[in-house]
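Encoded as structure tokens, the structure appears first; notes follow it.
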Amino acid sequence: MADLDIRAARERASRAHRRGLPVPAFTYTREEDALWSRVFSTLDGMHEEFGCASYLSAARRVPLPTHRVPQLADVSRTLHALTGFQLAPATGSLPGRQFYGPLADGTLHATPNVRPTAEESFSPDPDVIHELVGHAVMLGDPEFADLYRLFGRAINHADSAEACTAIARVFWFTMEVGLVAEKGRPRATGAAILSSVGEMNSLADADLRSFRVGE
């Protein structure tokens with residue numbers, strides 16, 4: 001099967017998936033497995049230096065394979081046993097309420113697709129590396145899993161587009177590109193940083209600014 005056919009099959013299976021049904025198995029090419037292996041191996045070493053303590057602890061509870069792209073179904077079962085969260089396949093980025101709302105009930109929509117080789121160090125769009133290395137591992141931590149649920153509840157109670165935008169902004173600056181200070185040094189908590197070699201490399205020289213809700 002050609003690479004484009006494999007990707008198209010993943011997208012069809014993701015669109016066909018319905019809540020409550022088993023997560024389907026996805027096929028990956030040899031090249032995609034190799035890309036996962038390169039990126040994951042590099043990030044794994046960087047996390048020891050730049051990942052926050054909660055992430056490092058969760059990574060031990062949510063082990064990801066080194067030499068192949070993990071199956072969403074396998075990671076979902078692990079998360080469900082740990083924190084009650086589960087993964088649901090998606091074809092890409094979902095609009096606000098469609099992504100955030102299900103978090104309230106412990107469901108994270110995640111794309112099974114792999115970033116292009118040209119975007120190996122940094123992908124501007126969500127991909128399976130971002131979803132699993134970034135979000136899913138963090139969902140293995142009970143406190144972070146509760147935070148994700150709170151974002152979902154907040155969106156579900158929002159009564160305006162402006163409120164939804166404000167909630168999404170807080171999510172972006174915390175759960176996507178957030179950092180915390182541990183032992184006087186910045187440590188990554190955000191999925192977009194934890195899943196990007198380029199972003200992790202930039203932490204040492206980054207212009208860090210405090211984020212305060214309401215500003």
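Starting from 1 in every chain, residues are counted up; chains themselves are A, B, ... following the order of the structure tokens, and ligands are numbered from 1 as listed.
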
>> Taking the DSSP secondary structure from the backbone, can you list the residues of region 156-193 of chain A that are strand (DSSP E), as a PyMOL selection string?
In response: chain A and resi 179-182+185-188

Go ahead and write the residues just picked, N, CA, C and O atoms, as a PDB file, in the first residue's frame.
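Wrote out.pdb, looks like this:
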ATOM      1  N   LEU A 179       5.661  26.316  31.134  1.00  0.00           N
ATOM      2  CA  LEU A 179       6.878  25.961  31.844  1.00  0.00           C
ATOM      3  C   LEU A 179       6.653  26.188  33.333  1.00  0.00           C
ATOM      4  O   LEU A 179       5.818  27.008  33.724  1.00  0.00           O
ATOM      5  N   VAL A 180       7.401  25.485  34.145  1.00  0.00           N
ATOM      6  CA  VAL A 180       7.424  25.744  35.586  1.00  0.00           C
ATOM      7  C   VAL A 180       8.875  25.880  36.021  1.00  0.00           C
ATOM      8  O   VAL A 180       9.787  25.417  35.326  1.00  0.00           O
ATOM      9  N   ALA A 181       9.078  26.516  37.149  1.00  0.00           N
ATOM     10  CA  ALA A 181      10.426  26.640  37.703  1.00  0.00           C
ATOM     11  C   ALA A 181      10.630  25.535  38.736  1.00  0.00           C
ATOM     12  O   ALA A 181       9.842  25.396  39.667  1.00  0.00           O
ATOM     13  N   GLU A 182      11.666  24.728  38.537  1.00  0.00           N
ATOM     14  CA  GLU A 182      12.028  23.683  39.494  1.00  0.00           C
ATOM     15  C   GLU A 182      13.516  23.800  39.781  1.00  0.00           C
ATOM     16  O   GLU A 182      14.336  23.761  38.852  1.00  0.00           O
ATOM     17  N   ARG A 185      15.318  26.458  37.739  1.00  0.00           N
ATOM     18  CA  ARG A 185      15.490  26.331  36.290  1.00  0.00           C
ATOM     19  C   ARG A 185      14.155  26.037  35.624  1.00  0.00           C
ATOM     20  O   ARG A 185      13.283  25.407  36.230  1.00  0.00           O
ATOM     21  N   PRO A 186      13.961  26.503  34.382  1.00  0.00           N
ATOM     22  CA  PRO A 186      12.695  26.226  33.695  1.00  0.00           C
ATOM     23  C   PRO A 186      12.575  24.764  33.305  1.00  0.00           C
ATOM     24  O   PRO A 186      13.534  24.150  32.824  1.00  0.00           O
ATOM     25  N   ARG A 187      11.383  24.214  33.524  1.00  0.00           N
ATOM     26  CA  ARG A 187      11.103  22.830  33.154  1.00  0.00           C
ATOM     27  C   ARG A 187       9.793  22.800  32.375  1.00  0.00           C
ATOM     28  O   ARG A 187       8.826  23.457  32.746  1.00  0.00           O
ATOM     29  N   ALA A 188       9.762  22.024  31.315  1.00  0.00           N
ATOM     30  CA  ALA A 188       8.609  22.013  30.416  1.00  0.00           C
ATOM     31  C   ALA A 188       7.453  21.202  30.983  1.00  0.00           C
ATOM     32  O   ALA A 188       7.639  20.102  31.505  1.00  0.00           O
TER      33      ALA A 188
END

Write out, as JSON lines, each residue of region 123-169 of chain A that has an atom at most 10 Å from region 65-83 of chain A, together with the closest pair of atoms and their distance in Å to one decimal, counting only C-alpha atoms, rows going by chain and rising number.
{"residue": "A:Val128", "atom": "CA", "partner": "A:Val69", "partner_atom": "CA", "distance": 8.1}
{"residue": "A:Ile129", "atom": "CA", "partner": "A:Val69", "partner_atom": "CA", "distance": 8.4}
{"residue": "A:Glu131", "atom": "CA", "partner": "A:Leu72", "partner_atom": "CA", "distance": 9.5}
{"residue": "A:Leu132", "atom": "CA", "partner": "A:Val75", "partner_atom": "CA", "distance": 7.9}
{"residue": "A:Ala136", "atom": "CA", "partner": "A:Leu79", "partner_atom": "CA", "distance": 7.6}
{"residue": "A:Val137", "atom": "CA", "partner": "A:Leu79", "partner_atom": "CA", "distance": 8.4}
{"residue": "A:Met138", "atom": "CA", "partner": "A:Leu79", "partner_atom": "CA", "distance": 9.7}
{"residue": "A:Leu139", "atom": "CA", "partner": "A:Leu79", "partner_atom": "CA", "distance": 6.9}
{"residue": "A:Gly140", "atom": "CA", "partner": "A:Leu79", "partner_atom": "CA", "distance": 5.8}
{"residue": "A:Asp141", "atom": "CA", "partner": "A:Thr83", "partner_atom": "CA", "distance": 7.2}
{"residue": "A:Pro142", "atom": "CA", "partner": "A:Thr83", "partner_atom": "CA", "distance": 5.7}
{"residue": "A:Glu143", "atom": "CA", "partner": "A:Thr83", "partner_atom": "CA", "distance": 9.2}
{"residue": "A:Phe144", "atom": "CA", "partner": "A:Thr83", "partner_atom": "CA", "distance": 9.6}
{"residue": "A:Ala145", "atom": "CA", "partner": "A:Thr83", "partner_atom": "CA", "distance": 6.7}
{"residue": "A:Asp146", "atom": "CA", "partner": "A:Thr83", "partner_atom": "CA", "distance": 8.6}

The selected residues should be written to file as a compact mmCIF listing (two decimals), in the first residue's frame (atoms: C-alpha atoms).
# COMPACT_ATOMS: atom_id res chain seq x y z
CA VAL A 128 0.95 11.50 16.82
CA ILE A 129 4.27 12.54 18.41
CA GLU A 131 -0.39 13.78 20.99
CA LEU A 132 1.41 10.90 22.69
CA ALA A 136 -0.84 11.46 26.62
CA VAL A 137 2.17 11.08 28.90
CA MET A 138 1.03 14.08 30.95
CA LEU A 139 -2.41 12.48 31.26
CA GLY A 140 -0.72 9.67 33.17
CA ASP A 141 -0.30 12.14 36.05
CA PRO A 142 -3.50 12.37 38.17
CA GLU A 143 -3.15 16.09 38.90
CA PHE A 144 -2.58 17.01 35.27
CA ALA A 145 -5.43 14.71 34.20
CA ASP A 146 -7.69 16.65 36.58

> Excluding same-chain residues fewer than 3 positions from Thr117 (chain A), what lies within 12 Å of it counting only C-alpha atoms, as a VMD selection string?
Replying inline: chain A and resid 31 to 36 38 to 39 114 120 to 123

Written file, previous selection with all heavy atoms, as an mmCIF file, in the first residue's frame:
data_model
loop_
_atom_site.group_PDB
_atom_site.id
_atom_site.type_symbol
_atom_site.label_atom_id
_atom_site.label_comp_id
_atom_site.auth_asym_id
_atom_site.auth_seq_id
_atom_site.Cartn_x
_atom_site.Cartn_y
_atom_site.Cartn_z
ATOM 1 N N GLU A 31 9.178 4.070 7.101
ATOM 2 C CA GLU A 31 9.750 5.411 7.247
ATOM 3 C C GLU A 31 9.138 6.158 8.435
ATOM 4 O O GLU A 31 9.836 6.875 9.149
ATOM 5 C CB GLU A 31 9.547 6.214 5.960
ATOM 6 C CG GLU A 31 10.352 5.732 4.766
ATOM 7 C CD GLU A 31 9.787 4.449 4.155
ATOM 8 O OE1 GLU A 31 8.602 4.115 4.420
ATOM 9 O OE2 GLU A 31 10.536 3.768 3.417
ATOM 10 N N GLU A 32 7.836 5.976 8.647
ATOM 11 C CA GLU A 32 7.189 6.637 9.779
ATOM 12 C C GLU A 32 7.671 6.051 11.102
ATOM 13 O O GLU A 32 7.893 6.781 12.079
ATOM 14 C CB GLU A 32 5.674 6.514 9.647
ATOM 15 C CG GLU A 32 5.101 7.410 8.559
ATOM 16 C CD GLU A 32 3.630 7.182 8.323
ATOM 17 O OE1 GLU A 32 3.154 6.020 8.481
ATOM 18 O OE2 GLU A 32 2.938 8.149 7.963
ATOM 19 N N ASP A 33 7.830 4.735 11.156
ATOM 20 C CA ASP A 33 8.384 4.117 12.366
ATOM 21 C C ASP A 33 9.794 4.639 12.639
ATOM 22 O O ASP A 33 10.165 4.897 13.798
ATOM 23 C CB ASP A 33 8.414 2.595 12.220
ATOM 24 C CG ASP A 33 7.058 1.948 12.433
ATOM 25 O OD1 ASP A 33 6.203 2.557 13.118
ATOM 26 O OD2 ASP A 33 6.838 0.837 11.915
ATOM 27 N N ALA A 34 10.592 4.790 11.578
ATOM 28 C CA ALA A 34 11.962 5.283 11.733
ATOM 29 C C ALA A 34 11.972 6.723 12.224
ATOM 30 O O ALA A 34 12.795 7.106 13.078
ATOM 31 C CB ALA A 34 12.723 5.161 10.415
ATOM 32 N N LEU A 35 11.070 7.548 11.695
ATOM 33 C CA LEU A 35 10.998 8.939 12.144
ATOM 34 C C LEU A 35 10.614 8.995 13.619
ATOM 35 O O LEU A 35 11.202 9.749 14.398
ATOM 36 C CB LEU A 35 9.995 9.713 11.288
ATOM 37 C CG LEU A 35 9.935 11.225 11.531
ATOM 38 C CD1 LEU A 35 9.583 11.964 10.245
ATOM 39 C CD2 LEU A 35 8.904 11.575 12.608
ATOM 40 N N TRP A 36 9.590 8.219 13.992
ATOM 41 C CA TRP A 36 9.210 8.160 15.413
ATOM 42 C C TRP A 36 10.418 7.786 16.264
ATOM 43 O O TRP A 36 10.669 8.409 17.292
ATOM 44 C CB TRP A 36 8.082 7.153 15.628
ATOM 45 C CG TRP A 36 7.899 6.811 17.090
ATOM 46 C CD1 TRP A 36 8.584 5.862 17.804
ATOM 47 C CD2 TRP A 36 7.031 7.460 18.017
ATOM 48 N NE1 TRP A 36 8.184 5.873 19.119
ATOM 49 C CE2 TRP A 36 7.237 6.844 19.281
ATOM 50 C CE3 TRP A 36 6.097 8.490 17.912
ATOM 51 C CZ2 TRP A 36 6.531 7.231 20.415
ATOM 52 C CZ3 TRP A 36 5.395 8.874 19.055
ATOM 53 C CH2 TRP A 36 5.613 8.246 20.285
ATOM 54 N N ARG A 38 13.638 8.112 15.753
ATOM 55 C CA ARG A 38 14.645 9.173 15.839
ATOM 56 C C ARG A 38 14.193 10.294 16.782
ATOM 57 O O ARG A 38 14.942 10.718 17.664
ATOM 58 C CB ARG A 38 14.928 9.761 14.456
ATOM 59 C CG ARG A 38 15.649 8.844 13.494
ATOM 60 C CD ARG A 38 16.165 9.607 12.292
ATOM 61 N NE ARG A 38 15.129 10.306 11.546
ATOM 62 C CZ ARG A 38 14.404 9.770 10.582
ATOM 63 N NH1 ARG A 38 14.586 8.492 10.250
ATOM 64 N NH2 ARG A 38 13.492 10.475 9.930
ATOM 65 N N VAL A 39 12.974 10.751 16.570
ATOM 66 C CA VAL A 39 12.489 11.871 17.371
ATOM 67 C C VAL A 39 12.306 11.463 18.830
ATOM 68 O O VAL A 39 12.716 12.176 19.750
ATOM 69 C CB VAL A 39 11.173 12.417 16.792
ATOM 70 C CG1 VAL A 39 10.598 13.518 17.684
ATOM 71 C CG2 VAL A 39 11.387 12.960 15.385
ATOM 72 N N VAL A 114 1.492 11.042 11.316
ATOM 73 C CA VAL A 114 2.881 11.359 11.654
ATOM 74 C C VAL A 114 3.316 12.594 10.871
ATOM 75 O O VAL A 114 2.987 12.735 9.694
ATOM 76 C CB VAL A 114 3.814 10.172 11.316
ATOM 77 C CG1 VAL A 114 5.247 10.460 11.746
ATOM 78 C CG2 VAL A 114 3.307 8.894 11.976
ATOM 79 N N GLU A 120 10.607 17.267 11.164
ATOM 80 C CA GLU A 120 10.993 16.312 12.196
ATOM 81 C C GLU A 120 11.259 16.965 13.548
ATOM 82 O O GLU A 120 10.857 16.473 14.590
ATOM 83 C CB GLU A 120 12.235 15.543 11.725
ATOM 84 C CG GLU A 120 12.641 14.402 12.631
ATOM 85 C CD GLU A 120 13.673 13.499 11.977
ATOM 86 O OE1 GLU A 120 13.561 13.241 10.760
ATOM 87 O OE2 GLU A 120 14.589 13.063 12.685
ATOM 88 N N SER A 121 11.959 18.099 13.540
ATOM 89 C CA SER A 121 12.323 18.754 14.798
ATOM 90 C C SER A 121 11.214 19.619 15.365
ATOM 91 O O SER A 121 11.194 19.899 16.569
ATOM 92 C CB SER A 121 13.575 19.611 14.600
ATOM 93 O OG SER A 121 14.693 18.802 14.321
ATOM 94 N N PHE A 122 10.321 20.071 14.500
ATOM 95 C CA PHE A 122 9.209 20.907 14.961
ATOM 96 C C PHE A 122 8.071 20.812 13.966
ATOM 97 O O PHE A 122 8.251 21.054 12.774
ATOM 98 C CB PHE A 122 9.628 22.371 15.090
ATOM 99 C CG PHE A 122 8.459 23.285 15.360
ATOM 100 C CD1 PHE A 122 7.898 23.343 16.615
ATOM 101 C CD2 PHE A 122 7.912 24.050 14.340
ATOM 102 C CE1 PHE A 122 6.800 24.166 16.864
ATOM 103 C CE2 PHE A 122 6.818 24.881 14.583
ATOM 104 C CZ PHE A 122 6.266 24.940 15.851
ATOM 105 N N SER A 123 6.904 20.444 14.452
ATOM 106 C CA SER A 123 5.722 20.367 13.595
ATOM 107 C C SER A 123 4.738 21.451 14.015
ATOM 108 O O SER A 123 4.328 21.500 15.186
ATOM 109 C CB SER A 123 5.051 18.993 13.714
ATOM 110 O OG SER A 123 3.851 18.968 12.969
#

> Quick one: DSSP alpha helix (DSSP H) residues in region 7-61 of chain A, as an NGL selection string?
Replying inline: :A and (7-16 or 30-50 or 53-61)

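The space between CA of Arg18 (chain A) and CA of Ala90 (chain A) spans 10.4 Å.
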
>> as a PyMOL selection string, please: the residues near Gly198 (chain A) (cut-off 10 Å, only C-alpha atoms, same-chain neighbours under 2 positions excluded).
In response: chain A and resi 43+119-123+193-196+200-203

> Could you pull the residues within 10 Å of region 166-173 of chain A, counting only C-alpha atoms, minus those fewer than 5 positions along the same chain, as a ChimeraX atom specification?
Replying inline: /A:96-97,100,147-148,151-152,154-155,158,161,178-179,190-192,211-214

Would you save the residues of that selection, restricted to N, CA, C and O atoms, as a compact mmCIF listing (two decimals), in the first residue's frame?
# COMPACT_ATOMS: atom_id res chain seq x y z
N GLY A 96 -12.62 24.48 18.78
CA GLY A 96 -12.62 24.64 20.23
C GLY A 96 -13.45 23.68 21.06
O GLY A 96 -12.91 22.81 21.75
N ARG A 97 -14.77 23.82 21.00
CA ARG A 97 -15.62 23.00 21.86
C ARG A 97 -15.50 21.51 21.56
O ARG A 97 -15.62 20.67 22.45
N TYR A 100 -12.07 20.64 23.37
CA TYR A 100 -12.01 20.84 24.81
C TYR A 100 -13.15 20.17 25.55
O TYR A 100 -12.96 19.62 26.64
N LEU A 147 -6.54 18.62 35.70
CA LEU A 147 -6.48 19.94 35.06
C LEU A 147 -7.11 19.90 33.67
O LEU A 147 -7.87 20.80 33.29
N TYR A 148 -6.81 18.85 32.91
CA TYR A 148 -7.41 18.71 31.58
C TYR A 148 -8.93 18.64 31.71
O TYR A 148 -9.67 19.25 30.93
N PHE A 151 -10.44 22.07 32.26
CA PHE A 151 -10.55 22.87 31.04
C PHE A 151 -11.80 22.46 30.25
O PHE A 151 -12.51 23.30 29.70
N GLY A 152 -12.05 21.17 30.19
CA GLY A 152 -13.24 20.71 29.49
C GLY A 152 -14.52 21.21 30.15
O GLY A 152 -15.45 21.67 29.47
N ALA A 154 -14.82 23.88 31.98
CA ALA A 154 -14.91 25.32 31.79
C ALA A 154 -15.49 25.66 30.42
O ALA A 154 -16.36 26.53 30.29
N ILE A 155 -15.01 24.96 29.38
CA ILE A 155 -15.54 25.19 28.03
C ILE A 155 -17.02 24.84 27.96
O ILE A 155 -17.82 25.55 27.36
N ALA A 158 -18.98 27.63 29.33
CA ALA A 158 -18.79 28.95 28.72
C ALA A 158 -20.04 29.36 27.95
O ALA A 158 -20.62 28.55 27.23
N ALA A 161 -18.53 33.11 22.79
CA ALA A 161 -17.32 32.82 22.03
C ALA A 161 -16.11 33.45 22.69
O ALA A 161 -15.01 32.89 22.67
N GLY A 178 3.51 25.65 28.30
CA GLY A 178 3.78 26.03 29.68
C GLY A 178 5.11 25.53 30.20
O GLY A 178 5.64 24.49 29.78
N LEU A 179 5.66 26.32 31.13
CA LEU A 179 6.88 25.96 31.84
C LEU A 179 6.65 26.19 33.33
O LEU A 179 5.82 27.01 33.72
N GLY A 190 4.34 21.85 28.96
CA GLY A 190 3.46 21.94 27.80
C GLY A 190 3.75 20.90 26.73
O GLY A 190 4.91 20.62 26.41
N ALA A 191 2.68 20.36 26.15
CA ALA A 191 2.82 19.29 25.16
C ALA A 191 3.56 19.74 23.91
O ALA A 191 4.31 18.97 23.31
N ALA A 192 3.35 20.99 23.50
CA ALA A 192 4.00 21.47 22.28
C ALA A 192 5.52 21.58 22.45
O ALA A 192 6.26 21.45 21.48
N PHE A 211 3.21 34.32 33.02
CA PHE A 211 1.85 34.34 32.46
C PHE A 211 0.87 34.46 33.61
O PHE A 211 0.86 33.63 34.52
N ARG A 212 0.04 35.50 33.54
CA ARG A 212 -0.97 35.71 34.57
C ARG A 212 -2.33 35.78 33.90
O ARG A 212 -2.54 36.57 32.98
N VAL A 213 -3.24 34.97 34.41
CA VAL A 213 -4.59 34.96 33.86
C VAL A 213 -5.22 36.32 34.06
O VAL A 213 -5.15 36.91 35.12
N GLY A 214 -5.82 36.86 32.99
CA GLY A 214 -6.48 38.15 33.08
C GLY A 214 -5.68 39.27 32.46
O GLY A 214 -6.19 40.37 32.26

>> One number please: CA of Thr27 (chain A) to CA of Pro89 (chain A), in Å, one decimal.
In response: 13.4 Å

>> One number please: CA of Ala25 (chain A) to CA of Gly134 (chain A), in Å, one decimal.
In response: 20.6 Å

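Using only C-alpha atoms, the smallest distance between any of A:Ala8, A:Thr189, A:Arg149, A:Thr165 and Ser54 (chain A) comes from A:Thr189.
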
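Distances here use only C-alpha atoms; by that measure, the residue among A:Pro112, A:Pro126, A:Gly92, A:Gly184 closest to Tyr28 (chain A) is A:Pro112.
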